[in-house]
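Heads up, input.txt below (compact mmCIF, C-alpha atoms and all ligand atoms):
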```
# COMPACT_ATOMS: atom_id res chain seq x y z
CA MET F 1 83.18 83.04 131.12
CA ASN F 2 86.86 82.68 131.99
CA ASN F 3 88.19 85.78 133.74
CA SER F 4 91.98 85.60 133.91
CA SER F 5 93.89 87.84 136.33
CA LYS F 6 96.98 87.73 134.12
CA ILE F 7 97.82 91.00 132.39
CA TYR F 8 99.31 90.47 128.92
CA ASP F 9 101.63 93.07 127.47
CA VAL F 10 100.02 92.83 124.05
CA CYS F 11 96.76 91.28 122.85
CA ILE F 12 96.48 90.77 119.08
CA ILE F 13 93.10 90.14 117.45
CA GLY F 14 93.43 87.99 114.31
CA ALA F 15 95.97 85.23 113.61
CA SER F 16 96.40 85.65 109.87
CA ILE F 17 99.57 87.01 108.29
CA ALA F 18 99.60 90.41 110.07
CA GLY F 19 98.81 89.06 113.55
CA ASN F 20 101.19 86.09 113.38
CA TYR F 21 104.07 88.13 111.95
CA LEU F 22 103.67 90.94 114.48
CA ALA F 23 103.60 88.40 117.35
CA TYR F 24 106.76 86.82 115.92
CA LEU F 25 108.56 90.18 115.76
CA LEU F 26 107.47 91.08 119.30
CA SER F 27 108.28 87.70 120.82
CA ARG F 28 112.01 88.41 120.58
CA SER F 29 111.62 91.30 123.01
CA GLY F 30 110.19 89.00 125.68
CA LEU F 31 106.75 90.66 125.82
CA ASN F 32 103.83 88.45 126.88
CA ILE F 33 101.45 88.15 123.96
CA ALA F 34 97.90 86.80 123.59
CA ILE F 35 96.43 86.17 120.13
CA ILE F 36 92.70 85.78 119.66
CA GLU F 37 91.50 84.08 116.47
CA GLU F 38 87.90 83.17 115.66
CA HIS F 39 88.75 80.30 113.31
CA LYS F 40 89.99 76.83 114.23
CA GLU F 41 92.66 76.52 111.58
CA ILE F 42 95.22 79.21 110.71
CA GLY F 43 94.99 80.38 107.09
CA ILE F 44 91.54 78.85 106.52
CA PRO F 45 89.39 80.01 104.80
CA LEU F 46 91.87 80.99 102.08
CA GLN F 47 91.16 84.47 100.70
CA CYS F 48 94.06 85.34 98.41
CA ALA F 49 95.36 85.09 94.84
CA GLY F 50 98.85 84.74 96.29
CA ILE F 51 100.73 87.00 93.90
CA ILE F 52 103.46 88.93 95.69
CA SER F 53 106.38 91.01 94.44
CA LYS F 54 109.97 89.95 94.93
CA LYS F 55 110.09 92.30 97.95
CA LEU F 56 108.63 89.38 99.90
CA THR F 57 112.02 87.69 100.20
CA GLN F 58 113.66 91.02 101.07
CA LEU F 59 111.25 91.44 103.98
CA ILE F 60 111.10 87.89 105.37
CA ASP F 61 112.86 84.54 105.00
CA VAL F 62 110.54 82.40 102.89
CA PRO F 63 111.04 78.62 102.75
CA GLU F 64 111.21 77.31 99.15
CA GLU F 65 108.05 75.21 99.48
CA ILE F 66 105.93 78.33 100.02
CA ILE F 67 106.83 79.63 96.54
CA LEU F 68 104.82 77.70 93.95
CA ASN F 69 105.68 79.65 90.80
CA ARG F 70 107.16 82.90 89.44
CA VAL F 71 105.72 84.91 86.58
CA LYS F 72 107.72 86.91 84.04
CA ILE F 73 105.01 88.75 82.13
CA ALA F 74 101.85 90.67 83.00
CA LYS F 75 99.35 90.49 80.14
CA ILE F 76 96.84 93.29 80.61
CA PHE F 77 93.51 93.42 78.76
CA SER F 78 91.44 96.51 77.99
CA PRO F 79 87.63 96.36 78.08
CA SER F 80 87.60 96.08 74.26
CA GLY F 81 89.81 92.96 74.44
CA ARG F 82 93.06 94.59 73.29
CA SER F 83 96.08 93.55 75.30
CA ILE F 84 99.58 94.57 76.19
CA GLU F 85 102.38 92.50 77.70
CA LEU F 86 104.67 94.09 80.26
CA SER F 87 107.79 92.60 81.74
CA GLY F 88 110.61 93.83 83.88
CA ASP F 89 112.88 92.40 86.50
CA GLU F 90 109.98 92.14 88.99
CA GLU F 91 109.08 88.45 88.38
CA PRO F 92 106.54 88.21 91.20
CA TYR F 93 106.11 85.11 93.32
CA ILE F 94 102.99 82.98 93.36
CA ILE F 95 102.79 81.67 96.88
CA ASP F 96 100.99 79.10 98.98
CA ARG F 97 99.13 81.63 101.10
CA VAL F 98 97.89 79.14 103.73
CA ALA F 99 101.49 78.03 104.27
CA LEU F 100 102.62 81.68 104.59
CA ASP F 101 100.02 82.33 107.31
CA ARG F 102 101.18 79.18 109.11
CA LEU F 103 104.89 79.99 108.78
CA PHE F 104 104.99 82.44 111.70
CA TYR F 105 102.22 80.63 113.57
CA LYS F 106 104.46 77.54 113.71
CA LYS F 107 107.48 79.61 114.76
CA ASN F 108 105.34 81.24 117.48
CA GLN F 109 104.16 77.86 118.81
CA ILE F 110 107.53 77.19 120.42
CA LYS F 111 107.74 80.62 122.09
CA GLN F 112 106.92 80.56 125.78
CA ASN F 113 105.65 84.13 125.72
CA ILE F 114 102.95 83.71 123.03
CA GLU F 115 99.56 82.21 123.84
CA TYR F 116 96.97 81.49 121.12
CA PHE F 117 93.24 81.45 121.80
CA LEU F 118 91.66 79.83 118.74
CA VAL F 119 87.93 79.48 117.95
CA GLU F 120 87.41 82.58 120.02
CA LYS F 121 85.69 85.66 118.64
CA PHE F 122 86.73 89.07 119.91
CA LYS F 123 83.67 91.09 120.89
CA ASN F 124 84.50 94.26 122.76
CA PHE F 125 87.03 96.17 124.82
CA HIS F 126 86.97 98.66 127.71
CA TYR F 127 89.63 100.80 129.29
CA PHE F 128 90.27 100.48 133.02
CA LYS F 129 92.90 101.69 135.46
CA GLU F 130 95.10 99.65 137.77
CA ASN F 131 97.90 101.16 139.89
CA ASN F 132 97.34 104.38 137.99
CA GLN F 133 98.05 102.71 134.65
CA LYS F 134 95.54 102.65 131.79
CA LEU F 135 94.88 99.06 130.69
CA ILE F 136 92.46 97.36 128.32
CA GLN F 137 89.94 94.69 129.19
CA ILE F 138 89.30 92.49 126.16
CA GLU F 139 86.10 90.50 125.89
CA THR F 140 85.92 87.42 123.68
CA ALA F 141 83.06 84.93 123.34
CA ARG F 142 84.69 82.82 126.07
CA ARG F 143 86.80 84.98 128.37
CA ILE F 144 87.88 88.38 129.54
CA ILE F 145 91.58 89.14 129.44
CA SER F 146 93.58 92.26 130.18
CA ALA F 147 96.45 93.81 128.25
CA LYS F 148 98.49 96.99 128.05
CA ILE F 149 98.24 97.20 124.26
CA LEU F 150 95.55 95.92 121.88
CA VAL F 151 96.34 95.41 118.18
CA GLY F 152 93.57 94.97 115.62
CA CYS F 153 94.83 92.58 112.94
CA ASP F 154 91.29 91.41 112.35
CA GLY F 155 91.01 92.09 108.65
CA PRO F 156 88.95 94.32 106.38
CA MET F 157 85.78 94.19 108.52
CA SER F 158 87.75 94.79 111.73
CA THR F 159 85.66 94.75 114.91
CA VAL F 160 88.46 96.59 116.74
CA GLY F 161 88.27 99.27 114.04
CA LYS F 162 84.47 99.49 114.24
CA LEU F 163 84.62 100.01 118.00
CA LEU F 164 87.00 102.91 117.31
CA ASP F 165 84.74 104.36 114.58
CA VAL F 166 87.11 103.31 111.81
CA GLN F 167 85.39 101.70 108.86
CA ASN F 168 86.89 100.63 105.54
CA ASN F 169 85.33 101.03 102.12
CA THR F 170 85.25 97.47 100.88
CA ILE F 171 84.61 95.50 97.73
CA SER F 172 83.95 91.78 97.33
CA ALA F 173 86.04 89.16 95.56
CA ILE F 174 85.44 85.66 94.19
CA GLN F 175 88.11 83.26 93.04
CA ILE F 176 88.23 79.68 91.76
CA ARG F 177 91.15 77.30 91.30
CA ILE F 178 90.90 75.31 88.09
CA ASN F 179 92.95 73.14 85.71
CA GLU F 180 93.44 75.08 82.47
CA ASN F 181 95.89 75.71 79.66
CA PHE F 182 97.04 79.31 79.88
CA ASP F 183 100.69 80.34 80.00
CA GLU F 184 102.33 79.53 83.35
CA ASN F 185 104.79 82.43 82.90
CA LYS F 186 102.08 85.05 82.70
CA VAL F 187 99.63 86.72 85.01
CA TYR F 188 96.55 87.99 83.15
CA LEU F 189 94.75 91.15 84.30
CA TYR F 190 91.37 92.27 82.93
CA PHE F 191 90.00 95.81 83.16
CA ASP F 192 86.31 96.31 82.52
CA HIS F 193 83.67 98.94 83.35
CA ARG F 194 81.52 96.29 84.99
CA TRP F 195 84.23 95.64 87.58
CA LYS F 196 85.91 99.05 87.44
CA GLU F 197 86.53 99.20 91.22
CA LEU F 198 89.35 96.65 90.75
CA LEU F 199 89.95 94.00 88.09
CA GLY F 200 89.73 90.38 87.00
CA TRP F 201 92.79 88.10 87.20
CA ILE F 202 94.27 84.78 86.15
CA VAL F 203 97.21 83.76 88.31
CA PRO F 204 99.19 80.60 87.43
CA GLU F 205 99.73 78.52 90.54
CA GLY F 206 101.82 75.91 88.68
CA ASN F 207 101.02 72.32 87.60
CA ASN F 208 98.42 73.74 85.17
CA ILE F 209 96.33 75.08 88.04
CA TYR F 210 95.13 78.68 87.70
CA ARG F 211 93.54 81.03 90.23
CA ILE F 212 90.85 82.96 88.39
CA GLY F 213 89.19 85.76 90.27
CA LEU F 214 87.38 89.04 90.17
CA ALA F 215 86.83 91.87 92.63
CA SER F 216 84.16 94.50 92.37
CA SER F 217 81.64 96.41 94.42
CA ARG F 218 78.21 94.93 93.65
CA ASN F 219 76.62 91.81 92.08
CA ILE F 220 79.92 89.99 92.28
CA SER F 221 78.50 86.52 91.48
CA LYS F 222 76.78 87.81 88.32
CA LYS F 223 79.91 89.66 87.20
CA PHE F 224 82.07 86.60 87.88
CA LYS F 225 79.81 84.48 85.64
CA ILE F 226 80.20 87.06 82.86
CA PHE F 227 83.98 87.03 83.35
CA LEU F 228 84.17 83.22 83.18
CA ASN F 229 81.95 83.18 80.07
CA GLN F 230 84.29 85.69 78.49
CA LEU F 231 87.20 83.34 79.23
CA ASN F 232 85.23 80.28 78.05
CA ILE F 233 85.61 78.63 81.43
CA GLU F 234 83.06 76.26 82.96
CA ILE F 235 82.68 76.90 86.68
CA LYS F 236 81.63 73.28 87.23
CA ASN F 237 85.24 72.22 86.51
CA LYS F 238 86.64 74.22 89.44
CA ILE F 239 88.84 72.51 92.02
CA SER F 240 87.81 74.91 94.77
CA GLN F 241 86.25 78.32 95.31
CA GLN F 242 87.14 81.19 97.60
CA GLY F 243 85.59 84.52 98.44
CA GLY F 244 86.71 87.52 100.37
CA ILE F 245 86.57 91.19 101.14
CA ILE F 246 89.14 93.76 100.03
CA PRO F 247 89.40 97.21 101.64
CA ILE F 248 89.89 99.94 99.04
CA GLY F 249 91.05 103.45 99.84
CA LYS F 250 93.90 105.24 101.51
CA MET F 251 95.34 104.13 104.83
CA ASN F 252 92.97 104.67 107.74
CA LYS F 253 93.68 106.05 111.20
CA MET F 254 95.83 103.49 112.98
CA ALA F 255 96.81 105.01 116.33
CA PHE F 256 94.61 105.21 119.43
CA GLU F 257 95.07 105.18 123.23
CA ASN F 258 96.84 101.83 123.88
CA ILE F 259 95.61 100.54 120.51
CA LEU F 260 97.01 100.04 116.99
CA LEU F 261 95.37 98.84 113.77
CA LEU F 262 97.50 96.83 111.34
CA GLY F 263 97.03 95.21 107.92
CA ASP F 264 93.64 95.12 106.21
CA SER F 265 91.99 96.58 109.30
CA ALA F 266 93.97 99.78 108.63
CA CYS F 267 93.39 99.56 104.84
CA GLN F 268 97.09 98.95 104.19
CA VAL F 269 96.14 97.59 100.78
CA LYS F 270 97.04 98.70 97.25
CA ALA F 271 93.94 100.13 95.58
CA THR F 272 95.38 99.19 92.17
CA THR F 273 95.44 95.42 92.73
CA GLY F 274 93.98 94.68 96.19
CA GLY F 275 97.38 93.33 97.28
CA GLY F 276 98.13 93.86 100.94
CA ILE F 277 100.88 91.49 102.00
CA ILE F 278 104.00 93.56 101.23
CA MET F 279 102.40 96.62 102.82
CA LEU F 280 101.37 94.85 106.01
CA LEU F 281 104.72 93.10 106.41
CA SER F 282 106.41 96.52 106.16
CA ALA F 283 103.86 98.04 108.56
CA SER F 284 104.32 95.13 111.01
CA LYS F 285 108.01 95.98 111.38
CA ILE F 286 107.11 99.62 112.14
CA ALA F 287 104.37 98.52 114.57
CA ALA F 288 106.75 96.16 116.40
CA THR F 289 109.38 98.90 116.79
CA CYS F 290 106.70 101.27 118.08
CA ILE F 291 105.28 98.76 120.59
CA ILE F 292 108.73 97.89 121.96
CA LYS F 293 109.37 101.64 122.35
CA CYS F 294 106.03 102.03 124.20
CA PHE F 295 107.22 99.49 126.78
CA LYS F 296 110.73 100.95 127.04
CA GLU F 297 109.37 104.44 127.68
CA ASN F 298 106.25 103.22 129.52
CA CYS F 299 104.12 105.39 127.27
CA PHE F 300 100.99 104.05 125.55
CA SER F 301 99.27 107.29 124.60
CA LYS F 302 97.61 107.95 121.26
CA ASN F 303 100.13 110.71 120.47
CA PHE F 304 103.10 108.44 121.17
CA ILE F 305 101.66 105.65 118.96
CA LYS F 306 100.74 108.18 116.28
CA LYS F 307 104.28 109.58 116.21
CA ASN F 308 106.05 106.21 116.24
CA TYR F 309 103.65 104.15 114.13
CA GLU F 310 101.01 106.04 112.15
CA LYS F 311 103.29 108.86 111.00
CA VAL F 312 106.15 106.50 110.12
CA CYS F 313 103.73 104.38 108.06
CA ALA F 314 102.37 107.52 106.40
CA ARG F 315 105.88 108.62 105.40
CA THR F 316 106.76 105.23 103.95
CA ILE F 317 104.04 102.88 102.70
CA GLY F 318 101.37 105.58 103.09
CA LYS F 319 102.80 107.67 100.24
CA GLN F 320 102.84 104.64 97.97
CA LEU F 321 99.31 103.63 98.98
CA LYS F 322 98.13 107.15 98.14
CA ILE F 323 99.63 106.90 94.64
CA ASN F 324 98.02 103.47 94.20
CA TYR F 325 94.70 105.03 95.19
CA LEU F 326 95.20 107.90 92.72
CA ILE F 327 95.90 105.44 89.91
CA ARG F 328 92.72 103.57 90.88
CA ILE F 329 90.65 106.80 90.71
CA ILE F 330 92.11 107.62 87.29
CA PHE F 331 91.42 104.11 85.94
CA GLU F 332 87.83 104.30 87.22
CA ASN F 333 87.37 107.35 84.99
CA PHE F 334 88.85 105.68 81.93
CA HIS F 335 86.62 104.91 78.95
CA SER F 336 87.28 101.78 76.93
CA ASP F 337 89.12 103.72 74.21
CA ASP F 338 91.33 105.40 76.87
CA PHE F 339 92.76 101.99 77.80
CA ASP F 340 93.33 101.24 74.10
CA ASP F 341 95.03 104.62 73.56
CA LEU F 342 97.22 104.09 76.62
CA PHE F 343 98.26 100.63 75.38
CA LYS F 344 99.07 102.12 71.95
CA ILE F 345 101.21 104.86 73.53
CA ILE F 346 103.02 102.33 75.72
CA LYS F 347 103.77 100.11 72.70
CA THR F 348 104.91 102.85 70.35
CA THR F 349 106.92 105.17 72.59
CA LYS F 350 109.70 104.88 75.15
CA ILE F 351 107.11 104.36 77.89
CA GLU F 352 107.35 100.56 77.74
CA LYS F 353 111.06 100.86 78.56
CA ILE F 354 110.35 103.34 81.39
CA ILE F 355 107.82 100.89 82.84
CA SER F 356 110.17 97.93 82.60
CA LEU F 357 112.96 99.95 84.24
CA TYR F 358 111.00 101.80 86.92
CA GLY F 359 107.79 99.77 87.23
CA ASP F 360 107.31 98.45 90.75
CA MET F 361 104.29 96.34 91.74
CA ASP F 362 104.08 97.93 95.16
CA PHE F 363 105.83 101.29 95.02
CA PRO F 364 104.72 103.11 91.84
CA ARG F 365 105.92 106.57 92.97
CA SER F 366 109.21 106.69 91.06
CA LEU F 367 107.50 105.37 87.90
CA ILE F 368 104.89 108.13 88.13
CA PHE F 369 107.63 110.79 88.48
CA LYS F 370 109.41 109.38 85.42
CA LEU F 371 106.17 109.25 83.39
CA ALA F 372 105.38 112.83 84.38
CA ARG F 373 108.48 113.87 82.41
CA ASN F 374 107.36 112.07 79.26
CA PHE F 375 105.63 114.46 76.83
CA THR F 376 103.42 111.83 75.10
CA PHE F 377 102.23 110.48 78.42
CA LEU F 378 101.54 113.97 79.78
CA LYS F 379 99.51 114.84 76.66
CA PHE F 380 97.47 111.67 77.13
CA PHE F 381 96.95 112.40 80.83
CA PHE F 382 95.77 115.99 80.20
CA ARG F 383 93.32 114.65 77.60
CA ILE F 384 91.87 112.34 80.28
CA LEU F 385 91.58 115.28 82.69
CA LYS F 386 89.87 117.41 80.03
CA LYS F 387 87.31 114.65 79.44
CA ASN F 388 86.72 114.20 83.21
CA PRO F 389 86.87 117.62 84.94
CA ASN F 390 85.62 116.00 88.15
CA LEU F 391 88.80 113.92 88.21
CA ILE F 392 90.94 117.02 88.93
CA TYR F 393 88.89 117.63 92.08
CA GLN F 394 89.20 113.96 93.13
CA ILE F 395 92.98 114.04 92.63
CA ILE F 396 93.38 117.24 94.67
CA ILE F 397 91.25 115.87 97.53
CA THR F 398 93.26 112.61 97.55
CA LEU F 399 96.58 114.44 97.58
CA LEU F 400 95.51 116.86 100.31
CA PHE F 401 93.94 114.44 102.78
C1 LIG H 501 90.26 87.28 96.92
C2 LIG H 501 91.46 87.99 97.45
C3 LIG H 501 92.67 87.93 96.75
C4 LIG H 501 93.80 88.58 97.24
N1 LIG H 501 94.96 88.45 96.57
C5 LIG H 501 96.09 89.02 97.03
C6 LIG H 501 97.32 88.86 96.38
O1 LIG H 501 97.40 88.20 95.35
N2 LIG H 501 98.43 89.45 96.90
C7 LIG H 501 98.37 90.20 98.05
O2 LIG H 501 99.41 90.74 98.48
N3 LIG H 501 97.21 90.36 98.71
C8 LIG H 501 96.07 89.79 98.23
N4 LIG H 501 94.89 89.94 98.90
C9 LIG H 501 94.88 90.76 100.12
C10 LIG H 501 95.45 89.98 101.30
O3 LIG H 501 94.85 88.71 101.35
C11 LIG H 501 95.20 90.78 102.58
O4 LIG H 501 95.82 92.04 102.45
C12 LIG H 501 95.76 90.06 103.80
O5 LIG H 501 95.15 88.81 104.01
C13 LIG H 501 95.50 90.91 105.05
O6 LIG H 501 95.99 90.23 106.16
P1 LIG H 501 95.50 90.60 107.63
O7 LIG H 501 96.25 89.71 108.52
O8 LIG H 501 95.54 92.07 107.81
O9 LIG H 501 93.93 90.27 107.61
P2 LIG H 501 93.17 88.93 107.25
O10 LIG H 501 94.01 88.05 106.41
O11 LIG H 501 91.83 89.32 106.75
O12 LIG H 501 93.02 88.20 108.65
C14 LIG H 501 92.19 88.66 109.66
C15 LIG H 501 92.14 87.57 110.72
O13 LIG H 501 91.38 88.05 111.81
C16 LIG H 501 90.42 87.06 112.18
N5 LIG H 501 89.28 87.78 112.79
C17 LIG H 501 88.48 88.68 112.19
N6 LIG H 501 87.58 89.16 113.08
C18 LIG H 501 87.82 88.53 114.25
C19 LIG H 501 87.22 88.59 115.55
N7 LIG H 501 86.20 89.41 115.82
N8 LIG H 501 87.72 87.81 116.53
C20 LIG H 501 88.78 86.98 116.29
N9 LIG H 501 89.37 86.86 115.08
C21 LIG H 501 88.92 87.66 114.08
C22 LIG H 501 90.08 86.35 110.89
O14 LIG H 501 89.54 85.06 111.11
C23 LIG H 501 91.44 86.30 110.21
O15 LIG H 501 92.18 85.18 110.58
C24 LIG H 501 93.72 89.33 98.44
C25 LIG H 501 92.50 89.42 99.14
C26 LIG H 501 91.39 88.75 98.65
C27 LIG H 501 90.10 88.85 99.41
```
As structure tokens, how would this structure be written, given the file I've shared?
Ligand SMILES: Cc1cc2nc3c(=O)[nH]c(=O)nc-3n(C[C@H](O)[C@H](O)[C@H](O)COP(=O)(O)OP(=O)(O)OC[C@H]3O[C@@H](n4cnc5c(N)ncnc54)[C@H](O)[C@@H]3O)c2cc1C
Amino acid sequence: MNNSSKIYDVCIIGASIAGNYLAYLLSRSGLNIAIIEEHKEIGIPLQCAGIISKKLTQLIDVPEEIILNRVKIAKIFSPSGRSIELSGDEEPYIIDRVALDRLFYKKNQIKQNIEYFLVEKFKNFHYFKENNQKLIQIETARRIISAKILVGCDGPMSTVGKLLDVQNNTISAIQIRINENFDENKVYLYFDHRWKELLGWIVPEGNNIYRIGLASSRNISKKFKIFLNQLNIEIKNKISQQGGIIPIGKMNKMAFENILLLGDSACQVKATTGGGIIMLLSASKIAATCIIKCFKENCFSKNFIKKNYEKVCARTIGKQLKINYLIRIIFENFHSDDFDDLFKIIKTTKIEKIISLYGDMDFPRSLIFKLARNFTFLKFFFRILKKNPNLIYQIIITLLF
């Protein structure tokens, strides 16, 4: 066991997108950073469909080669097989996710103040005091290191979170990459009662390669077989297969004494689609500002981190994540004919235009406010509530807490 006497300013657990990007943002302030990652190669294993809204390029500079394709239309299927096509000016990116994870890792490699510890599993932490200052002792499988701040960027099953009694509700996902002949301009989304906790997807990577996946709570392999059968796709023709875990819910607690949680570990994930990248990039900027402030004011208390990180996230991405979660709860209560009725209303009223004007893959709040003023939509929504009285209770609880 290697016991270093060096005290890092910040120790980040997890070198995926959240950990690497946060380290990159912090490196400019000259803080000494350690990153612990259990895997040997950054970005591997791949666990992503790689569909990201155009906000990506507003948040970070993305080299051209990371963007593999752009889609113009979302074709959404109801459980009965009816479909609707929606388009707007969103045109999401389909990205090379491994390359995105490596983008900031490579930039960080040349920074003197960032040290990576790969193939090293984080196990535990303890508080201790030195010169009257509270510090954290971090135990990995190979060494013990000390830091002033610990950041859990260790994904949906976060060990840092577990040690702080924070646990995510999670669902499982399976995805294959395969050569097929769908439309490269469209992303296909499939709602079904058997995978009502999220959805099935076909994402065009480009060059006739499609990422076909499904996320749900139980029996994921069985459900995925059903989904592929439905699409007439032979799994034996796959190029590769991925799996993964998606946290579903509202944002978790993220601020603790000398500790922050960021990304999937804090459930900064849209419950409508399972997408987390835009949310965690936004949260990383808030976390970096907070951490730099901690050092400026020499204050690492839970209240300080709560005020400068958790509450700022709650006011910004948190509100949007809550709406995403509400939409998820409503969809879970939909019957097959409710989807069909909704599609019919969208096609035959002004709603399609409202969606194309105000629809936002990540931030659905303004769309919801616009829809709430549409009489046909409101009538439909009240009919859903009447059919599912329990839903009213679920909505109130979600809005209140
Ligand atoms: C199948 C699937 C498809 C998805 N598709 C999309 C999509 O299309 N668009 C989108 O925006 N989002 C998508 N997501 C979600 C997105 O991938 C996540 O939101 C994102 O990866 C979260 O990044 P993160 O850095 O917080 O955590 P992760 O990417 O989970 O990274 C956590 C890192 O911590 C490391 N780690 C974990 N525990 C330890 C430990 N004890 N010690 C050391 N290291 C540890 C892991 O090895 C990993 O490198 C998808 C997720 C899945 C599973």
- Task: Could you tell me how far atom O11 of ligand LIG 501 (chain H) lies from CA of Leu231 in chain F, in Å and to one decimal?
- Result: 28.5 Å
- Quick one: residues within 10 Å of Lys319 in chain F, all atoms listed in the file counted, chain neighbours fewer than 3 positions away excluded, as a ChimeraX atom specification? /F:250-251,313-316,322-325,363-365,399
- Within 7 Å of ligand LIG 501 (chain H), counting all atoms listed in the file: which residues, as a PyMOL selection string? chain F and resi 13-19+36-39+42-43+47-52+120-123+153-156+158-159+173-175+213+242-246+262-265+269+274-278+280
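For Lys253 in chain F, the list of residues within 8 Å, based on only C-alpha atoms and with local chain neighbours fewer than 5 positions off taken out, reads F:Val166, F:Leu261, F:Ala266, F:Glu310.
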Store the residues picked out above in a file with C-alpha atoms, as a PDB file, in the coordinates of the input.
```
ATOM      1  CA  VAL F 166      87.110 103.310 111.810  1.00  0.00           C
ATOM      2  CA  LEU F 261      95.370  98.840 113.770  1.00  0.00           C
ATOM      3  CA  ALA F 266      93.970  99.780 108.630  1.00  0.00           C
ATOM      4  CA  GLU F 310     101.010 106.040 112.150  1.00  0.00           C
TER       5      GLU F 310
END
```
- Go ahead and compute the interatomic distance for CA of Ala255 in chain F and CA of Val10 in chain F, in Å to one decimal. 14.8 Å
- Query: What lies within 10 Å of Asn185 in chain F using all atoms listed in the file, ignoring chain neighbours under 5 positions off, as number ranges by chain?
  - Reply: F: 69-74, 91, 203-206
Check which residues of range 73-172 of chain F sit at most 8 Å from range 351-359 of chain F using only C-alpha atoms, and return one row each with the closest pair of atoms and their distance in Å to one decimal, ordered by chain and rising number, as CSV.
```
residue,atom,partner,partner_atom,distance
F:Leu86,CA,F:Ser356,CA,7.1
F:Ser87,CA,F:Ser356,CA,5.9
F:Gly88,CA,F:Ser356,CA,4.3
F:Asp89,CA,F:Ser356,CA,7.3
```
Next, dump the selected residues to file, keeping only C-alpha atoms, as an mmCIF file, in the frame of the given file.
```cif
data_model
loop_
_atom_site.group_PDB
_atom_site.id
_atom_site.type_symbol
_atom_site.label_atom_id
_atom_site.label_comp_id
_atom_site.auth_asym_id
_atom_site.auth_seq_id
_atom_site.Cartn_x
_atom_site.Cartn_y
_atom_site.Cartn_z
ATOM 1 C CA LEU F 86 104.670 94.090 80.260
ATOM 2 C CA SER F 87 107.790 92.600 81.740
ATOM 3 C CA GLY F 88 110.610 93.830 83.880
ATOM 4 C CA ASP F 89 112.880 92.400 86.500
#
```
